[in-house]
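Trainee: run30.cif is reproduced in full below (mmCIF, C-alpha atoms and all ligand atoms).
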```
data_start
#
loop_
_atom_site.label_atom_id
_atom_site.label_comp_id
_atom_site.auth_asym_id
_atom_site.auth_seq_id
_atom_site.Cartn_x
_atom_site.Cartn_y
_atom_site.Cartn_z
CA MET Q 1 12.81 29.30 4.10
CA ALA Q 2 9.09 29.73 4.80
CA LEU Q 3 7.42 33.08 4.43
CA GLN Q 4 3.65 33.35 4.86
CA GLY Q 5 2.97 30.38 2.61
CA ALA Q 6 5.93 30.93 0.32
CA THR Q 7 9.57 29.95 0.38
CA ILE Q 8 12.45 32.22 -0.52
CA ARG Q 9 16.02 31.64 -1.61
CA ARG Q 10 19.01 33.64 -2.75
CA ASP Q 11 19.43 33.53 -6.51
CA GLU Q 12 22.90 32.13 -7.22
CA HIS Q 13 23.51 34.34 -10.25
CA THR Q 14 22.05 37.70 -9.33
CA GLY Q 15 22.35 37.40 -5.54
CA ALA Q 16 18.79 38.68 -5.19
CA ILE Q 17 16.32 37.24 -2.70
CA VAL Q 18 13.59 35.62 -4.78
CA VAL Q 19 10.37 33.76 -4.10
CA ALA Q 20 11.21 30.07 -4.61
CA ARG Q 21 7.73 28.62 -4.44
CA ILE Q 22 4.22 29.53 -3.41
CA MET Q 23 2.39 27.01 -1.26
CA ARG Q 24 -1.00 26.32 -2.79
CA GLY Q 25 -3.78 27.72 -0.64
CA GLY Q 26 -1.41 29.57 1.70
CA ALA Q 27 -1.58 33.29 2.52
CA ALA Q 28 0.69 34.30 -0.36
CA ASP Q 29 -1.27 32.22 -2.86
CA ARG Q 30 -4.63 33.51 -1.73
CA SER Q 31 -3.45 37.12 -1.84
CA GLY Q 32 -2.59 36.59 -5.50
CA LEU Q 33 0.07 39.26 -5.10
CA ILE Q 34 3.27 37.23 -4.84
CA HIS Q 35 4.55 34.88 -7.55
CA VAL Q 36 7.43 32.50 -8.05
CA GLY Q 37 10.50 34.39 -9.24
CA ASP Q 38 9.45 37.74 -7.73
CA GLU Q 39 12.38 39.57 -6.23
CA LEU Q 40 11.95 40.60 -2.60
CA LYS Q 41 13.27 44.10 -1.94
CA GLU Q 42 11.87 45.20 1.41
CA VAL Q 43 9.99 43.74 4.36
CA ASN Q 44 8.20 46.31 6.52
CA GLY Q 45 10.33 49.01 5.02
CA ILE Q 46 13.61 47.21 5.81
CA PRO Q 47 15.77 46.56 2.73
CA VAL Q 48 16.57 42.87 2.40
CA ASP Q 49 19.07 42.85 -0.48
CA ASP Q 50 22.00 42.22 1.85
CA LYS Q 51 20.19 39.90 4.23
CA LYS Q 52 20.34 36.15 4.46
CA PRO Q 53 17.01 34.30 4.09
CA GLU Q 54 17.29 33.34 7.80
CA GLU Q 55 17.54 36.97 8.81
CA ILE Q 56 14.47 37.86 6.77
CA ILE Q 57 12.51 35.13 8.47
CA ARG Q 58 13.62 36.57 11.83
CA ILE Q 59 12.35 40.03 10.86
CA LEU Q 60 9.05 38.47 9.92
CA ALA Q 61 8.79 36.50 13.12
CA GLN Q 62 9.40 39.63 15.18
CA SER Q 63 6.91 41.84 13.33
CA GLN Q 64 3.34 42.16 14.51
CA GLY Q 65 0.14 42.95 12.64
CA ALA Q 66 0.15 43.60 8.90
CA ILE Q 67 3.40 42.95 7.08
CA THR Q 68 4.31 44.90 3.98
CA PHE Q 69 6.50 43.57 1.23
CA LYS Q 70 8.09 45.41 -1.60
CA VAL Q 71 8.61 43.07 -4.52
CA ILE Q 72 9.71 43.37 -8.12
CA PRO Q 73 7.43 41.05 -10.05
CA SER Q 74 9.15 38.46 -12.21
CA VAL Q 75 8.55 38.86 -15.91
CA LYS Q 76 7.14 35.38 -16.36
CA GLU Q 77 3.39 35.24 -15.88
CA GLU Q 78 2.17 32.23 -13.95
CA GLU Q 79 -0.57 30.03 -15.35
CA PRO Q 80 -3.87 30.63 -13.58
CA THR Q 81 -4.17 27.85 -11.02
CA LYS Q 82 -7.02 25.41 -11.21
CA GLU Q 83 -7.75 22.86 -8.53
CA PRO Q 84 -6.01 19.66 -9.61
CA LYS Q 85 -7.83 16.39 -9.07
CA VAL Q 86 -4.94 14.01 -8.69
CA PHE Q 87 -5.05 11.81 -5.62
CA MET Q 88 -2.25 9.59 -4.41
CA LYS Q 89 -2.29 6.93 -1.75
CA ALA Q 90 0.89 7.16 0.29
CA LEU Q 91 2.70 3.85 0.50
CA PHE Q 92 5.22 4.99 3.09
CA ASP Q 93 5.40 7.11 6.25
CA TYR Q 94 6.83 10.57 5.84
CA ASP Q 95 8.03 13.06 8.40
CA PRO Q 96 9.60 16.23 6.98
CA LYS Q 97 11.37 16.83 10.31
CA GLU Q 98 13.43 13.69 9.64
CA ASP Q 99 14.12 14.53 6.00
CA LYS Q 100 17.56 16.01 5.41
CA ALA Q 101 16.82 16.79 1.77
CA ILE Q 102 13.72 18.96 2.15
CA PRO Q 103 14.50 22.65 1.43
CA CYS Q 104 12.25 23.82 4.25
CA LYS Q 105 11.08 21.54 7.05
CA GLU Q 106 8.26 23.87 8.14
CA ALA Q 107 6.78 23.76 4.65
CA GLY Q 108 6.69 19.94 4.62
CA LEU Q 109 3.58 17.81 4.97
CA ALA Q 110 3.79 14.79 7.26
CA PHE Q 111 1.75 11.71 6.40
CA LYS Q 112 1.34 8.07 7.28
CA ARG Q 113 1.28 5.10 4.98
CA GLY Q 114 -2.23 4.68 3.61
CA ALA Q 115 -3.02 8.40 3.70
CA ILE Q 116 -4.85 9.83 0.68
CA LEU Q 117 -3.11 12.96 -0.56
CA GLN Q 118 -4.49 15.48 -3.00
CA ILE Q 119 -1.60 16.57 -5.17
CA MET Q 120 -1.85 20.31 -5.71
CA SER Q 121 1.24 20.80 -7.82
CA GLN Q 122 3.76 18.64 -9.63
CA ASP Q 123 5.53 21.62 -11.22
CA ASP Q 124 8.73 20.85 -9.36
CA ALA Q 125 10.35 17.52 -10.27
CA THR Q 126 11.63 16.91 -6.74
CA TRP Q 127 9.06 18.44 -4.40
CA TRP Q 128 5.36 18.15 -4.99
CA GLN Q 129 2.77 20.12 -3.11
CA ALA Q 130 -0.03 18.24 -1.48
CA LYS Q 131 -2.65 18.28 1.23
CA HIS Q 132 -4.53 15.58 3.04
CA GLU Q 133 -7.67 14.68 1.15
CA GLY Q 134 -10.84 16.12 2.64
CA GLU Q 135 -8.97 18.45 4.95
CA ALA Q 136 -10.54 21.87 5.38
CA ASN Q 137 -7.21 23.70 5.63
CA PRO Q 138 -6.50 24.79 2.06
CA ARG Q 139 -2.76 25.19 2.62
CA ALA Q 140 -0.59 22.70 0.77
CA GLY Q 141 2.70 21.30 2.05
CA LEU Q 142 5.81 19.92 0.38
CA ILE Q 143 6.22 16.19 -0.14
CA PRO Q 144 8.93 14.30 -2.02
CA SER Q 145 7.92 13.57 -5.61
CA LYS Q 146 7.48 9.95 -6.68
CA GLN Q 147 10.58 10.05 -8.81
CA PHE Q 148 12.70 11.57 -6.05
CA GLN Q 149 11.45 9.14 -3.43
CA GLU Q 150 12.24 6.21 -5.73
CA SER Q 151 15.70 7.52 -6.51
CA ARG Q 152 16.71 7.69 -2.86
CA PHE Q 153 15.06 4.46 -1.74
CA TRP Q 154 17.97 2.08 -2.21
CA PRO Q 155 21.25 2.51 -0.39
CA THR Q 156 23.77 3.52 -3.08
CA GLY Q 157 26.13 0.63 -2.33
CA PHE Q 158 23.39 -1.87 -2.96
CA ARG Q 159 22.51 -0.43 -6.32
CA ARG Q 160 26.08 -0.28 -7.52
CA SER Q 161 26.99 -3.80 -6.57
CA PHE Q 162 23.69 -4.94 -8.05
CA ARG Q 163 24.48 -3.30 -11.37
CA LEU Q 164 28.04 -4.57 -11.50
CA SER Q 165 26.67 -8.06 -10.95
CA ARG Q 166 29.83 -9.20 -9.21
CA ARG Q 167 31.02 -12.67 -9.85
CA ASP Q 168 32.15 -15.18 -7.32
CA LYS Q 169 35.83 -15.91 -8.00
CA LYS Q 170 35.56 -19.66 -7.37
CA THR Q 171 32.41 -20.49 -9.25
CA ASN Q 172 32.38 -17.57 -11.68
CA LYS Q 173 28.69 -17.34 -10.96
CA SER Q 174 26.98 -14.02 -10.57
CA MET Q 175 26.47 -13.39 -6.86
CA TYR Q 176 23.45 -11.28 -7.52
CA GLU Q 177 21.60 -13.54 -9.81
CA CYS Q 178 18.09 -13.90 -8.58
CA LYS Q 179 14.81 -15.13 -9.85
CA LYS Q 180 12.70 -12.57 -11.67
CA SER Q 181 10.13 -12.52 -8.91
CA GLU Q 182 12.80 -11.68 -6.36
CA MET Q 183 14.38 -8.95 -8.39
CA TYR Q 184 13.48 -5.49 -7.27
CA ASP Q 185 12.26 -3.16 -9.93
CA MET Q 186 11.23 0.41 -9.45
CA ALA Q 187 7.57 -0.53 -9.47
CA ASP Q 188 8.23 -2.34 -6.18
CA VAL Q 189 9.49 0.75 -4.39
CA PRO Q 190 6.62 1.85 -2.20
CA THR Q 191 6.08 5.54 -2.95
CA TYR Q 192 2.65 6.64 -4.10
CA GLU Q 193 -0.14 5.04 -6.06
CA GLU Q 194 -2.59 7.19 -7.97
CA VAL Q 195 -6.09 6.43 -6.74
CA THR Q 196 -9.65 7.39 -7.47
CA PRO Q 197 -12.91 6.96 -5.53
CA TYR Q 198 -14.75 3.79 -6.47
CA CYS Q 199 -18.16 2.61 -5.37
CA ARG Q 200 -19.52 -0.67 -6.60
CA ALA Q 201 -22.81 -0.15 -8.45
CA SER Q 202 -25.58 -2.31 -6.99
CA GLY Q 203 -25.78 -5.55 -8.92
CA ALA Q 204 -22.22 -5.17 -10.25
CA LYS Q 205 -19.66 -7.89 -9.64
CA HIS Q 206 -18.20 -7.96 -6.14
CA ARG Q 207 -14.63 -7.11 -5.34
CA LEU Q 208 -12.48 -10.15 -4.61
CA VAL Q 209 -11.79 -10.53 -0.90
CA VAL Q 210 -8.20 -11.61 -0.31
CA LEU Q 211 -7.14 -12.79 3.14
CA VAL Q 212 -3.49 -12.96 4.09
CA GLY Q 213 -1.95 -14.11 7.34
CA PRO Q 214 0.63 -16.39 8.91
CA ALA Q 215 -0.10 -20.14 9.02
CA GLY Q 216 -2.48 -21.03 11.80
CA VAL Q 217 -3.66 -17.47 12.47
CA GLY Q 218 -7.27 -18.40 11.78
CA LEU Q 219 -7.99 -17.66 8.10
CA ASN Q 220 -9.98 -20.87 7.67
CA GLU Q 221 -11.97 -20.24 10.80
CA LEU Q 222 -12.87 -16.73 9.65
CA LYS Q 223 -13.81 -17.91 6.16
CA ARG Q 224 -15.94 -20.67 7.65
CA LYS Q 225 -17.80 -18.20 9.86
CA LEU Q 226 -18.51 -15.90 6.91
CA LEU Q 227 -19.78 -18.80 4.81
CA ILE Q 228 -22.09 -20.01 7.58
CA SER Q 229 -23.32 -16.47 8.30
CA ASP Q 230 -24.59 -16.03 4.73
CA PRO Q 231 -24.08 -18.98 2.35
CA GLN Q 232 -26.00 -17.24 -0.46
CA HIS Q 233 -23.65 -14.31 -0.32
CA PHE Q 234 -20.18 -15.68 0.37
CA SER Q 235 -18.34 -18.43 -1.43
CA VAL Q 236 -14.90 -19.94 -1.84
CA THR Q 237 -13.12 -21.30 -4.88
CA ILE Q 238 -12.98 -24.97 -5.76
CA PRO Q 239 -9.34 -26.05 -6.06
CA HIS Q 240 -7.85 -28.28 -8.75
CA THR Q 241 -5.90 -31.43 -7.97
CA SER Q 242 -4.13 -34.15 -9.91
CA ARG Q 243 -4.71 -36.74 -7.20
CA ALA Q 244 -7.20 -39.54 -7.76
CA LYS Q 245 -10.79 -38.95 -6.79
CA LYS Q 246 -12.00 -40.88 -3.78
CA ASN Q 247 -15.28 -42.75 -3.87
CA GLN Q 248 -17.31 -40.33 -1.81
CA GLU Q 249 -15.97 -37.31 -3.71
CA SER Q 250 -17.52 -35.70 -6.80
CA ASP Q 251 -15.73 -33.78 -9.48
CA GLY Q 252 -16.28 -30.02 -9.13
CA VAL Q 253 -17.42 -30.30 -5.51
CA GLU Q 254 -14.39 -30.94 -3.30
CA TYR Q 255 -11.96 -30.47 -6.19
CA HIS Q 256 -11.76 -30.28 -9.93
CA PHE Q 257 -9.98 -33.55 -10.63
CA ILE Q 258 -7.64 -33.29 -13.61
CA SER Q 259 -4.71 -35.33 -14.93
CA LYS Q 260 -1.14 -34.51 -14.03
CA HIS Q 261 -0.46 -33.70 -17.66
CA LEU Q 262 -3.33 -31.23 -17.91
CA PHE Q 263 -2.30 -29.71 -14.58
CA GLU Q 264 1.17 -29.10 -15.96
CA THR Q 265 -0.20 -27.58 -19.16
CA ASP Q 266 -2.36 -25.26 -17.08
CA ILE Q 267 0.64 -24.24 -14.98
CA HIS Q 268 2.48 -23.46 -18.19
CA ASN Q 269 -0.44 -21.35 -19.41
CA ASN Q 270 -0.52 -19.32 -16.18
CA LYS Q 271 -3.97 -20.56 -15.25
CA PHE Q 272 -3.12 -20.86 -11.57
CA ILE Q 273 -2.99 -18.16 -8.97
CA GLU Q 274 -1.09 -20.57 -6.74
CA TYR Q 275 -0.21 -24.22 -6.91
CA GLY Q 276 1.96 -26.64 -5.03
CA GLU Q 277 2.90 -30.28 -4.81
CA TYR Q 278 2.01 -32.50 -1.90
CA LYS Q 279 2.84 -36.20 -1.75
CA GLY Q 280 3.44 -36.30 -5.49
CA ASN Q 281 0.16 -34.62 -6.42
CA TYR Q 282 -0.55 -31.10 -7.54
CA TYR Q 283 -3.02 -28.82 -5.81
CA GLY Q 284 -3.87 -25.33 -7.03
CA THR Q 285 -6.32 -22.48 -7.27
CA SER Q 286 -7.11 -21.26 -10.76
CA LEU Q 287 -8.02 -17.78 -11.92
CA ASP Q 288 -11.09 -19.26 -13.58
CA SER Q 289 -12.32 -20.68 -10.28
CA VAL Q 290 -12.35 -17.13 -8.90
CA ARG Q 291 -14.14 -15.86 -12.01
CA SER Q 292 -16.72 -18.59 -11.63
CA VAL Q 293 -17.62 -17.44 -8.09
CA LEU Q 294 -17.72 -13.76 -9.05
CA SER Q 295 -19.92 -14.39 -12.07
CA LYS Q 296 -22.54 -15.89 -9.74
CA ASN Q 297 -22.61 -12.48 -8.08
CA LYS Q 298 -21.15 -13.85 -4.88
CA VAL Q 299 -18.35 -12.51 -2.72
CA CYS Q 300 -15.31 -14.71 -3.29
CA LEU Q 301 -13.12 -15.33 -0.22
CA LEU Q 302 -9.59 -16.27 -1.13
CA ASP Q 303 -6.52 -16.75 1.03
CA VAL Q 304 -3.17 -16.53 -0.70
CA GLN Q 305 0.54 -16.08 -0.18
CA PRO Q 306 1.37 -12.38 -0.13
CA HIS Q 307 3.50 -12.44 -3.30
CA THR Q 308 0.38 -13.52 -5.21
CA ILE Q 309 -1.48 -10.30 -4.45
CA LYS Q 310 0.45 -8.53 -7.19
CA LEU Q 311 -1.07 -10.86 -9.76
CA LEU Q 312 -4.59 -10.20 -8.54
CA ARG Q 313 -4.36 -6.43 -8.37
CA THR Q 314 -6.24 -5.76 -11.60
CA GLY Q 315 -9.39 -3.97 -12.62
CA GLU Q 316 -11.03 -7.35 -13.15
CA PHE Q 317 -10.70 -8.45 -9.52
CA LYS Q 318 -10.31 -5.15 -7.65
CA PRO Q 319 -9.08 -7.11 -4.61
CA PHE Q 320 -9.80 -5.92 -1.10
CA VAL Q 321 -6.83 -7.25 0.81
CA VAL Q 322 -7.09 -7.99 4.52
CA LEU Q 323 -4.19 -8.95 6.77
CA VAL Q 324 -5.17 -11.15 9.69
CA LYS Q 325 -2.51 -11.07 12.34
CA PRO Q 326 -2.10 -12.71 15.73
CA PRO Q 327 -2.24 -10.81 19.01
CA ALA Q 328 0.82 -10.46 21.25
CA ILE Q 329 2.36 -13.84 22.05
CA GLU Q 330 1.06 -14.05 25.63
CA ARG Q 331 -2.51 -13.45 24.40
CA LEU Q 332 -1.91 -15.98 21.63
CA ARG Q 333 -0.90 -18.66 24.15
CA GLU Q 334 -4.01 -17.97 26.24
CA SER Q 335 -6.51 -17.83 23.39
CA ARG Q 336 -5.21 -20.88 21.47
CA GLN Q 337 -5.20 -23.38 24.32
CA ASN Q 338 -7.79 -25.52 22.54
CA GLY Q 339 -6.71 -24.63 19.01
CA LYS Q 340 -5.17 -27.04 16.53
CA ILE Q 341 -2.84 -26.30 13.66
CA ILE Q 342 -3.32 -28.27 10.49
CA SER Q 343 -0.20 -29.38 8.73
CA GLY Q 344 -0.31 -30.36 5.10
CA LYS Q 345 -2.69 -29.55 2.28
CA ASP Q 346 -4.76 -32.62 1.81
CA ASP Q 347 -7.65 -33.62 4.02
CA LYS Q 348 -5.37 -36.24 5.57
CA GLY Q 349 -3.28 -33.43 7.10
CA SER Q 350 -3.23 -34.04 10.82
CA ALA Q 351 -4.29 -31.37 13.28
CA LYS Q 352 -1.97 -30.92 16.25
CA PRO Q 353 -2.09 -28.63 19.27
CA PHE Q 354 -0.04 -25.46 18.87
CA THR Q 355 3.52 -25.55 20.18
CA GLU Q 356 5.47 -22.62 21.56
CA GLU Q 357 7.42 -22.67 18.30
CA ASP Q 358 4.21 -22.31 16.26
CA PHE Q 359 3.32 -19.21 18.28
CA GLN Q 360 6.78 -17.70 17.83
CA GLU Q 361 6.68 -18.40 14.10
CA MET Q 362 3.23 -16.89 13.77
CA VAL Q 363 4.28 -13.66 15.45
CA THR Q 364 7.51 -13.39 13.44
CA ALA Q 365 5.75 -14.19 10.18
CA ALA Q 366 3.16 -11.49 10.86
CA GLN Q 367 5.91 -8.95 11.51
CA THR Q 368 7.64 -9.85 8.25
CA LEU Q 369 4.35 -9.61 6.36
CA GLU Q 370 3.70 -6.14 7.72
CA ALA Q 371 7.24 -4.97 7.07
CA GLN Q 372 7.27 -6.15 3.46
CA HIS Q 373 3.71 -5.88 2.23
CA SER Q 374 1.78 -3.49 4.46
CA HIS Q 375 1.19 -1.08 1.58
CA LEU Q 376 -1.03 -3.75 0.02
CA PHE Q 377 -3.34 -4.23 3.00
CA GLU Q 378 -6.49 -2.15 3.13
CA LYS Q 379 -7.54 -3.61 6.43
CA VAL Q 380 -5.63 -5.21 9.29
CA ILE Q 381 -7.49 -7.40 11.77
CA VAL Q 382 -6.00 -8.81 14.94
CA ASN Q 383 -7.43 -12.25 15.61
CA GLU Q 384 -7.38 -12.40 19.38
CA ASP Q 385 -10.99 -13.09 20.18
CA LEU Q 386 -12.50 -14.95 17.24
CA LEU Q 387 -15.96 -13.39 17.44
CA THR Q 388 -14.55 -9.88 17.63
CA ALA Q 389 -12.28 -10.52 14.66
CA PHE Q 390 -15.18 -12.00 12.71
CA GLY Q 391 -17.38 -8.99 13.53
CA GLU Q 392 -14.68 -6.60 12.33
CA LEU Q 393 -14.21 -8.51 9.11
CA ARG Q 394 -17.95 -8.69 8.44
CA THR Q 395 -18.31 -4.92 8.94
CA ALA Q 396 -15.33 -4.15 6.70
CA LEU Q 397 -16.74 -6.35 3.94
CA ARG Q 398 -20.16 -4.71 4.17
CA LYS Q 399 -18.50 -1.34 3.75
CA VAL Q 400 -16.59 -2.55 0.70
CA GLU Q 401 -19.88 -3.48 -0.92
CA MET Q 402 -21.79 -0.32 -0.08
CA GLU Q 403 -19.36 2.54 0.36
CA THR Q 404 -16.85 4.44 -1.68
CA HIS Q 405 -13.24 3.32 -1.40
CA TRP Q 406 -10.04 4.58 -2.97
CA VAL Q 407 -8.74 2.22 -5.64
CA PRO Q 408 -5.86 2.54 -8.14
CA VAL Q 409 -6.95 4.62 -11.14
CA SER Q 410 -5.82 1.84 -13.46
CA TRP Q 411 -8.60 -0.41 -12.09
CA THR Q 412 -11.33 1.89 -13.32
CA HIS Q 413 -10.01 2.19 -16.88
CA SER Q 414 -10.23 -1.45 -17.80
N1 LIG D 501 -9.33 -16.22 17.75
C1 LIG D 501 -9.12 -17.49 18.01
N2 LIG D 501 -9.15 -17.96 19.27
C2 LIG D 501 -8.92 -19.25 19.53
N3 LIG D 501 -8.64 -20.19 18.62
C3 LIG D 501 -8.59 -19.79 17.32
C4 LIG D 501 -8.83 -18.44 16.95
N4 LIG D 501 -8.71 -18.34 15.62
C5 LIG D 501 -8.42 -19.58 15.18
N5 LIG D 501 -8.35 -20.44 16.19
C6 LIG D 501 -8.02 -21.88 16.13
O1 LIG D 501 -6.70 -21.98 15.62
C7 LIG D 501 -6.58 -23.15 14.81
C8 LIG D 501 -6.06 -22.75 13.43
O2 LIG D 501 -7.04 -21.98 12.76
P1 LIG D 501 -7.28 -22.07 11.20
O3 LIG D 501 -7.21 -23.47 10.74
O4 LIG D 501 -8.45 -21.26 10.86
O5 LIG D 501 -5.94 -21.32 10.75
P2 LIG D 501 -5.41 -21.02 9.30
O6 LIG D 501 -4.85 -19.66 9.34
O7 LIG D 501 -6.45 -21.29 8.29
O8 LIG D 501 -4.25 -22.08 9.23
P3 LIG D 501 -3.50 -22.70 7.95
O9 LIG D 501 -2.87 -21.54 7.28
O10 LIG D 501 -2.54 -23.65 8.58
O11 LIG D 501 -4.54 -23.38 7.13
C9 LIG D 501 -7.96 -23.78 14.77
O12 LIG D 501 -8.01 -24.80 15.74
C10 LIG D 501 -8.88 -22.64 15.15
O13 LIG D 501 -10.05 -23.09 15.76
#
```
Before anything else, please render the file you have as structure tokens.
Ligand SMILES: Nc1ncnc2c1ncn2[C@@H]1O[C@H](COP(=O)(O)OP(=O)(O)OP(=O)(O)O)[C@@H](O)[C@H]1O
Mentor:
Amino acid sequence: MALQGATIRRDEHTGAIVVARIMRGGAADRSGLIHVGDELKEVNGIPVDDKKPEEIIRILAQSQGAITFKVIPSVKEEEPTKEPKVFMKALFDYDPKEDKAIPCKEAGLAFKRGAILQIMSQDDATWWQAKHEGEANPRAGLIPSKQFQESRFWPTGFRRSFRLSRRDKKTNKSMYECKKSEMYDMADVPTYEEVTPYCRASGAKHRLVVLVGPAGVGLNELKRKLLISDPQHFSVTIPHTSRAKKNQESDGVEYHFISKHLFETDIHNNKFIEYGEYKGNYYGTSLDSVRSVLSKNKVCLLDVQPHTIKLLRTGEFKPFVVLVKPPAIERLRESRQNGKIISGKDDKGSAKPFTEEDFQEMVTAAQTLEAQHSHLFEKVIVNEDLLTAFGELRTALRKVEMETHWVPVSWTHS
């Protein structure tokens, strides 16, 4: 129950009405007169011993002007409060009105995925107190703690059957066996990520720019435009391949040409961010090729599969991840009339006009990307009109270079 920036509850053992928590920055907190554990005896001269918390709230709601409380202070002295400097980026949407578990809906703080929250108190294991970063209102609200949010993320049935690792009667194979990369661990549950402000010092290495989007959405086109707009500033990685070099090609220009054996050794040694096989040859992008661009003090533009982002999210690369998504399907059909989709990896890959199926796939793929990975995207650009999309991307990248952004705290320690 909420009471002027505090919540009250009936103590199960003594039956007394006690202050359950004080909302940081609320009226009760600022008065400094009410503390957690204090026993509430009277409100405006009305004894409350025999009243339910709901009835007390009603008395409060009906009273006008100054309200007087009679409280018996709890014996325990509270620590003097200092302004905590813990910031969390929310990785999920939260609406206390929809939350059945919250002890008091009015005391909850609603937020959207991507919001930066200043955590005011983590004293309670289940409910933290937080406010939106930079907000003038000093009053904190309740949010689910990281641990609590993780614990209730998976439907219980799923977790049990997962743990039991049921076996198929016929094959005696575990039905839940999955590759490590597909296995969900707690770190994958989108809750909060502790962040800190980061501004690139002038002359320091650039953050890696990672572009993600469904096939054919226009990543190449956008990269090309950036490269042309400022070739001294932007660059892309040079891929490795095990295919034979053609006459007009030079090693280290189109590709780094290496033997199949060396390619396989490099795969084994985790040198590749991504690799694949096409017509019996390997193609891949190495971590070192990214390092090489960054060490020349250039902005490295990289497009990857979304599951790769995890690998790149380190203090070394500090990736700025952009999702490029298509517009609504009718706008896609109109804008791509002259567009061509390239199939295949090698330069022999033939470009064909888009089919209705390509459009459908693009839209569905973008939806899946957003549903599964949206907590990783710092910027989302809709590529309807190419020049508009390019302008938006260019502006976002300028800001990344010049302005302060929130990044995971772990990136600034390394
Ligand atoms: N906004 C746009 N309006 C019209 N045509 C576009 C737009 N963006 C891209 N195209 C066209 O769509 C086609 C595919 O673009 P592009 O090759 O850049 O996609 P991609 O995302 O890199 O594809 P892939 O993942 O298959 O390599 C090209 O013909 C390109 O000119």
Trainee: In Å, how far is it from CA of Ala20 (chain Q) to CA of Ile57 (chain Q)?
Mentor: 14.1 Å
Trainee: So, with only C-alpha atoms and all ligand atoms as the atoms that count, which of Q:Pro214, Q:Ile381, Q:Phe263, Q:Leu312 lies closest to ligand LIG 501 (chain D)?
Mentor: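 Closest to ligand LIG 501 (chain D) of all the choices is Q:Pro214.
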Trainee: Between Q:Lys70, Q:Lys223, Q:Lys246, Q:Lys85, which is the closest to ligand LIG 501 (chain D) once you count only C-alpha atoms and all ligand atoms?
Mentor: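 Closest residue, counting only C-alpha atoms and all ligand atoms: Q:Lys223.
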Trainee: Which residues sit within 8 Å of ligand LIG 501 (chain D), counting all atoms listed in the file, listed as a count of residues only?
Mentor: 30
Trainee: Please provide as a PyMOL selection string all residues within 8 Å of Arg394 (chain Q), with the sequence filter that same-chain residues fewer than 4 positions apart are discarded (counting all atoms listed in the file).
Mentor: chain Q and resi 226+390+398
Trainee: Please, could you write that set of residues out with C-alpha atoms as a JSON list (two decimals), in the coordinates of the input?
Mentor:
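Dumped everything to again.json:
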```json
[["chain", "number", "residue", "atom", "x", "y", "z"],
["Q", 226, "LEU", "CA", -18.51, -15.90, 6.91],
["Q", 390, "PHE", "CA", -15.18, -12.00, 12.71],
["Q", 398, "ARG", "CA", -20.16, -4.71, 4.17]]
```
Trainee: What's the 10 Å shell around region 36-45 of chain Q, counting only C-alpha atoms, without same-chain residues fewer than 2 positions away, as a VMD selection string?
Mentor: chain Q and resid 6 to 11 16 to 22 33 to 34 47 to 50 56 to 57 59 to 60 63 66 to 78
Trainee: Using only C-alpha atoms, which of Q:Glu330, Q:Asp288, Q:Glu316, Q:Asp303 sits nearest His413 (chain Q)?
Mentor: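 Of all the options, Q:Glu316 lies closest to His413 (chain Q).
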Trainee: Neighbouring residues of Glu356 (chain Q) were defined as those with any atom within 8 Å, considering all atoms listed in the file; residues of the same chain fewer than 3 positions away were excluded. Please report them as number ranges by chain.
Mentor: Q: 333, 359-360
Trainee: In Å to one decimal, how far is CA of His132 (chain Q) from CA of Val380 (chain Q)?
Mentor: 21.7 Å
Trainee: Quick one: pull the distance between CA of Val407 (chain Q) and CA of Pro197 (chain Q), Å, one decimal.
Mentor: 6.3 Å
